[in-house]
Structures are given as C-alpha cells and as structure tokens.
Amino acid sequence: MTGCLACDVLAGRIEAPGGVIHETAHWSVDHALTRWIGGWLIVKPKRHVEHLAELSTEEAAELGPLIQAVSAAMARVLSPERVYVLSLGEEVHHIHFHVIPRYRELPGHVLRLLEQAWGERSPWECTDEEAAATAAALREELRG
Ligand SMILES: [Zn+2]
C-alpha cells in the first residue's frame with residue numbers, strides 16, 4: 001500500500017467493482033469502491049497529482065472530453081435525472097472526480113444527497129454484483 005487509495009486502485013492492489021471501466025492515456029475511470037449509489041464513478045489521473053494546477057498540458061487536454069464522454073454514457077445507460085460531477089479531495093488527495101448519477105428517486109439537492117450517501121450506511125447502497133454489472137454496461141457504452 002502506498003498510503004494513497006487512488007494509487008492502490010490504479011496499481012491493482014485494490015479492485016473497484018467490475019474493474020477498470022475506461023481509460024485514456026492519462027486517466028482512468030472505475031466504479032466507486034464505496035457502492036453508495038450504483039453507477040457512482042471515479043475519474044482520476046493515472047499519475048499521483050494532488051492539484052488541478054499541477055496537471056500536465058496533456059492530462060488537462062484529456063479531462064474535458066473524458067468527463068463529457070463519461071457523463072454521456074451515464075445518461076444513456078442509467079437514465080439519471082441529473083449527472084453530478086464534483087471534485088473535493090479532502091480524504092483522498094490524489095485528484096479524482098466523482099461522477100454521480102442522481103436518479104429520479106434520490107433527493108434533488110446535492111448536499112442532502114451527499115449527506116445521506118456519505119453517512120454510516122447509504123440508503124441506496126448497491127451490492128458488488130450490481131456495481132460490477134453497471135460497470136460492465138458503462139464499459140460497453142464507452143467502447144463506442
Ligand atoms: Zn495517488
């Protein structure tokens with residue numbers, strides 16, 4: 001273990017449900033380890049970097065199109081009412097974007113949603129098998 005959860009996932013020491021969903025030269029996409037909401041994805045650079053300002057030109061150039069492609073695949077496969085994209089980095093400093101499908105039945109307010117999902121036990125938690133199936137469907141969609 002490196003002390004960085006994102007680096008451990010990238011190196012395969014910890015496997016996200018369903019494995020890697022999509023990757024570019026500099027970025028990797030997988031299902032969130034937490035399974036708080038089915039289809040909650042993590043988009044992170046392959047290199048350990050902690051601030052957006054430290055991204056290389058090449059890493060930065062891939063980010064916009066990747067977030068767009070992931071959001072579009074999520075919209076087509078999961079039909080959420082909204083797709084949330086956020087980056088916080090408080091616990092895991094390695095840059096990562098949460099791409100979260102906010103389904104119709106979930107609270108339509110990001111703070112209320114996160115407060116419940118991020119708690120002791122998310123009321124919408126999915127199983128490893130469900131997360132892996134969602135990951136597989138999104139992988140197929142992103143393959144284009
Ligand atoms: Zn890292």
# chains A, B, ... in the order shown; residues from 1 in each chain; ligands from 1
call {"tool": "residues_around", "arguments": {"residues": "His22 in chain A", "least_positions_apart": "5", "cutoff": "7 Å", "atoms": "only C-alpha atoms", "output": "MDAnalysis selection string"}}
result
chainID A and resid 28:29 139 142
call {"tool": "residues_near_ligand", "arguments": {"ligand": "ligand 1", "cutoff": "7 Å", "atoms": "only C-alpha atoms and all ligand atoms", "output": "ChimeraX atom specification"}}
result
/A:4-7,47-49,94
call {"tool": "write_last_selection", "arguments": {"atoms": "C-alpha atoms", "output": "mmCIF file, in the first residue's frame"}}
result
data_model
loop_
_atom_site.group_PDB
_atom_site.id
_atom_site.type_symbol
_atom_site.label_atom_id
_atom_site.label_comp_id
_atom_site.auth_asym_id
_atom_site.auth_seq_id
_atom_site.Cartn_x
_atom_site.Cartn_y
_atom_site.Cartn_z
ATOM 1 C CA CYS A 4 -2.885 6.686 -1.476
ATOM 2 C CA LEU A 5 -6.125 4.833 -2.112
ATOM 3 C CA ALA A 6 -6.296 6.047 -5.725
ATOM 4 C CA CYS A 7 -2.766 4.814 -6.463
ATOM 5 C CA ARG A 47 -0.244 9.820 -12.111
ATOM 6 C CA HIS A 48 -0.361 10.811 -8.437
ATOM 7 C CA VAL A 49 -1.156 14.501 -8.614
ATOM 8 C CA HIS A 94 -5.000 12.269 -5.455
#
call {"tool": "closest_residue", "arguments": {"among": "A:Val85, A:Val70, A:Ile37, A:Ile21", "to": "Glu130 in chain A", "atoms": "only C-alpha atoms"}}
result
A:Ile37
call {"tool": "residues_around", "arguments": {"residues": "Gly89 in chain A", "least_positions_apart": "2", "cutoff": "12 Å", "atoms": "only C-alpha atoms", "output": "ChimeraX atom specification"}}
result
/A:4-6,42,44,49-52,86-87,91-98
call {"tool": "residues_around", "arguments": {"residues": "Leu41 in chain A", "least_positions_apart": "5", "cutoff": "6 Å", "atoms": "only C-alpha atoms", "output": "PyMOL selection string"}}
result
chain A and resi 30-32+98-99
call {"tool": "write_last_selection", "arguments": {"atoms": "N, CA, C and O atoms", "output": "compact mmCIF listing (two decimals), in the first residue's frame"}}
result
# COMPACT_ATOMS: atom_id res chain seq x y z
N ASP A 30 -13.36 4.19 -12.95
CA ASP A 30 -13.92 2.96 -12.40
C ASP A 30 -15.07 3.28 -11.46
O ASP A 30 -15.36 4.44 -11.19
N HIS A 31 -15.73 2.20 -11.02
CA HIS A 31 -16.86 2.38 -10.10
C HIS A 31 -16.30 2.72 -8.72
O HIS A 31 -15.27 2.18 -8.31
N ALA A 32 -17.00 3.58 -7.99
CA ALA A 32 -16.58 3.92 -6.64
C ALA A 32 -16.54 2.67 -5.77
O ALA A 32 -17.45 1.84 -5.82
N HIS A 98 -15.82 12.76 -8.82
CA HIS A 98 -16.97 11.90 -8.60
C HIS A 98 -17.97 12.22 -9.70
O HIS A 98 -18.35 13.38 -9.87
N VAL A 99 -18.37 11.21 -10.44
CA VAL A 99 -19.44 11.41 -11.43
C VAL A 99 -20.61 10.56 -10.94
O VAL A 99 -20.52 9.32 -10.90
call {"tool": "select_by_dssp", "arguments": {"residues": "chain A", "states": "strand (DSSP E)", "output": "JSON, numbers by chain"}}
result
{"A": [20, 21, 22, 23, 27, 28, 29, 30, 31, 41, 42, 43, 44, 45, 82, 83, 84, 85, 86, 97, 98, 99, 100, 101, 102]}
call {"tool": "write_last_selection", "arguments": {"atoms": "N, CA and C atoms", "output": "PDB file, in the first residue's frame"}}
result
ATOM      1  N   VAL A  20     -11.591  -1.808 -14.247  1.00  0.00           N
ATOM      2  CA  VAL A  20     -11.466  -0.537 -14.971  1.00  0.00           C
ATOM      3  C   VAL A  20     -12.586  -0.446 -16.010  1.00  0.00           C
ATOM      4  N   ILE A  21     -13.282   0.677 -16.021  1.00  0.00           N
ATOM      5  CA  ILE A  21     -14.390   0.878 -16.963  1.00  0.00           C
ATOM      6  C   ILE A  21     -13.890   1.499 -18.264  1.00  0.00           C
ATOM      7  N   HIS A  22     -12.979   2.438 -18.120  1.00  0.00           N
ATOM      8  CA  HIS A  22     -12.497   3.151 -19.304  1.00  0.00           C
ATOM      9  C   HIS A  22     -11.164   3.809 -18.948  1.00  0.00           C
ATOM     10  N   GLU A  23     -10.295   3.926 -19.949  1.00  0.00           N
ATOM     11  CA  GLU A  23      -9.068   4.680 -19.694  1.00  0.00           C
ATOM     12  C   GLU A  23      -8.615   5.395 -20.948  1.00  0.00           C
ATOM     13  N   TRP A  27      -5.807   9.052 -17.917  1.00  0.00           N
ATOM     14  CA  TRP A  27      -6.901   8.990 -16.944  1.00  0.00           C
ATOM     15  C   TRP A  27      -7.505   7.606 -16.882  1.00  0.00           C
ATOM     16  N   SER A  28      -8.095   7.303 -15.742  1.00  0.00           N
ATOM     17  CA  SER A  28      -8.747   6.017 -15.547  1.00  0.00           C
ATOM     18  C   SER A  28     -10.121   6.237 -14.918  1.00  0.00           C
ATOM     19  N   VAL A  29     -11.074   5.390 -15.289  1.00  0.00           N
ATOM     20  CA  VAL A  29     -12.450   5.505 -14.787  1.00  0.00           C
ATOM     21  C   VAL A  29     -12.858   4.163 -14.192  1.00  0.00           C
ATOM     22  N   ASP A  30     -13.363   4.192 -12.954  1.00  0.00           N
ATOM     23  CA  ASP A  30     -13.919   2.963 -12.399  1.00  0.00           C
ATOM     24  C   ASP A  30     -15.071   3.280 -11.460  1.00  0.00           C
ATOM     25  N   HIS A  31     -15.733   2.201 -11.022  1.00  0.00           N
ATOM     26  CA  HIS A  31     -16.861   2.383 -10.102  1.00  0.00           C
ATOM     27  C   HIS A  31     -16.305   2.723  -8.719  1.00  0.00           C
ATOM     28  N   LEU A  41     -19.250   6.880 -10.297  1.00  0.00           N
ATOM     29  CA  LEU A  41     -17.935   6.609 -10.878  1.00  0.00           C
ATOM     30  C   LEU A  41     -16.870   7.554 -10.342  1.00  0.00           C
ATOM     31  N   ILE A  42     -15.633   7.106 -10.445  1.00  0.00           N
ATOM     32  CA  ILE A  42     -14.469   7.912 -10.068  1.00  0.00           C
ATOM     33  C   ILE A  42     -13.575   8.050 -11.303  1.00  0.00           C
ATOM     34  N   VAL A  43     -13.269   9.288 -11.647  1.00  0.00           N
ATOM     35  CA  VAL A  43     -12.380   9.592 -12.778  1.00  0.00           C
ATOM     36  C   VAL A  43     -11.107  10.189 -12.184  1.00  0.00           C
ATOM     37  N   LYS A  44      -9.961   9.551 -12.434  1.00  0.00           N
ATOM     38  CA  LYS A  44      -8.728  10.038 -11.805  1.00  0.00           C
ATOM     39  C   LYS A  44      -7.535   9.922 -12.748  1.00  0.00           C
ATOM     40  N   PRO A  45      -6.567  10.813 -12.579  1.00  0.00           N
ATOM     41  CA  PRO A  45      -5.349  10.707 -13.396  1.00  0.00           C
ATOM     42  C   PRO A  45      -4.536   9.496 -12.972  1.00  0.00           C
ATOM     43  N   ARG A  82     -30.213  13.736 -13.231  1.00  0.00           N
ATOM     44  CA  ARG A  82     -29.073  14.643 -13.343  1.00  0.00           C
ATOM     45  C   ARG A  82     -27.785  13.828 -13.235  1.00  0.00           C
ATOM     46  N   VAL A  83     -26.703  14.362 -13.765  1.00  0.00           N
ATOM     47  CA  VAL A  83     -25.377  13.775 -13.539  1.00  0.00           C
ATOM     48  C   VAL A  83     -24.558  14.823 -12.780  1.00  0.00           C
ATOM     49  N   TYR A  84     -24.150  14.466 -11.577  1.00  0.00           N
ATOM     50  CA  TYR A  84     -23.324  15.381 -10.773  1.00  0.00           C
ATOM     51  C   TYR A  84     -21.845  15.088 -11.034  1.00  0.00           C
ATOM     52  N   VAL A  85     -21.053  16.128 -11.144  1.00  0.00           N
ATOM     53  CA  VAL A  85     -19.605  15.979 -11.267  1.00  0.00           C
ATOM     54  C   VAL A  85     -18.966  16.873 -10.218  1.00  0.00           C
ATOM     55  N   LEU A  86     -18.195  16.277  -9.314  1.00  0.00           N
ATOM     56  CA  LEU A  86     -17.544  17.104  -8.306  1.00  0.00           C
ATOM     57  C   LEU A  86     -16.182  16.544  -7.923  1.00  0.00           C
ATOM     58  N   PHE A  97     -12.485  12.887  -9.724  1.00  0.00           N
ATOM     59  CA  PHE A  97     -13.805  13.466  -9.933  1.00  0.00           C
ATOM     60  C   PHE A  97     -14.843  12.400  -9.649  1.00  0.00           C
ATOM     61  N   HIS A  98     -15.823  12.760  -8.821  1.00  0.00           N
ATOM     62  CA  HIS A  98     -16.973  11.895  -8.598  1.00  0.00           C
ATOM     63  C   HIS A  98     -17.972  12.217  -9.698  1.00  0.00           C
ATOM     64  N   VAL A  99     -18.374  11.214 -10.439  1.00  0.00           N
ATOM     65  CA  VAL A  99     -19.436  11.405 -11.431  1.00  0.00           C
ATOM     66  C   VAL A  99     -20.607  10.558 -10.937  1.00  0.00           C
ATOM     67  N   ILE A 100     -21.645  11.248 -10.490  1.00  0.00           N
ATOM     68  CA  ILE A 100     -22.713  10.587  -9.728  1.00  0.00           C
ATOM     69  C   ILE A 100     -24.039  10.671 -10.474  1.00  0.00           C
ATOM     70  N   PRO A 101     -24.663   9.511 -10.741  1.00  0.00           N
ATOM     71  CA  PRO A 101     -25.994   9.547 -11.338  1.00  0.00           C
ATOM     72  C   PRO A 101     -27.020   9.868 -10.256  1.00  0.00           C
ATOM     73  N   ARG A 102     -27.690  10.999 -10.407  1.00  0.00           N
ATOM     74  CA  ARG A 102     -28.739  11.345  -9.410  1.00  0.00           C
ATOM     75  C   ARG A 102     -30.055  10.869 -10.032  1.00  0.00           C
TER      76      ARG A 102
END
call {"tool": "residues_around", "arguments": {"residues": "range 110-124 of chain A", "least_positions_apart": "2", "cutoff": "9 Å", "atoms": "only C-alpha atoms", "output": "list of chain:residue names"}}
result
A:Arg35, A:Trp36, A:Ile37, A:Gly38, A:Tyr84, A:Arg102, A:Leu106, A:Pro107, A:Gly108, A:Cys126
call {"tool": "atom_distance", "arguments": {"atom1": "CA of Val77 in chain A", "atom2": "CA of Glu62 in chain A"}}
result
22.3 Å
call {"tool": "select_by_dssp", "arguments": {"residues": "chain A", "states": "alpha helix (DSSP H)", "output": "count of residues only"}}
result
52
call {"tool": "residues_around", "arguments": {"residues": "Asp128 in chain A", "least_positions_apart": "3", "cutoff": "10 Å", "atoms": "only C-alpha atoms", "output": "MDAnalysis selection string"}}
result
chainID A and resid 16:18 31 33:35 38 125 131:134
call {"tool": "atom_distance", "arguments": {"atom1": "CA of Leu138 in chain A", "atom2": "CA of Ala73 in chain A"}}
result
6.4 Å
call {"tool": "atom_distance", "arguments": {"atom1": "CA of Glu54 in chain A", "atom2": "CA of His26 in chain A"}}
result
13.4 Å
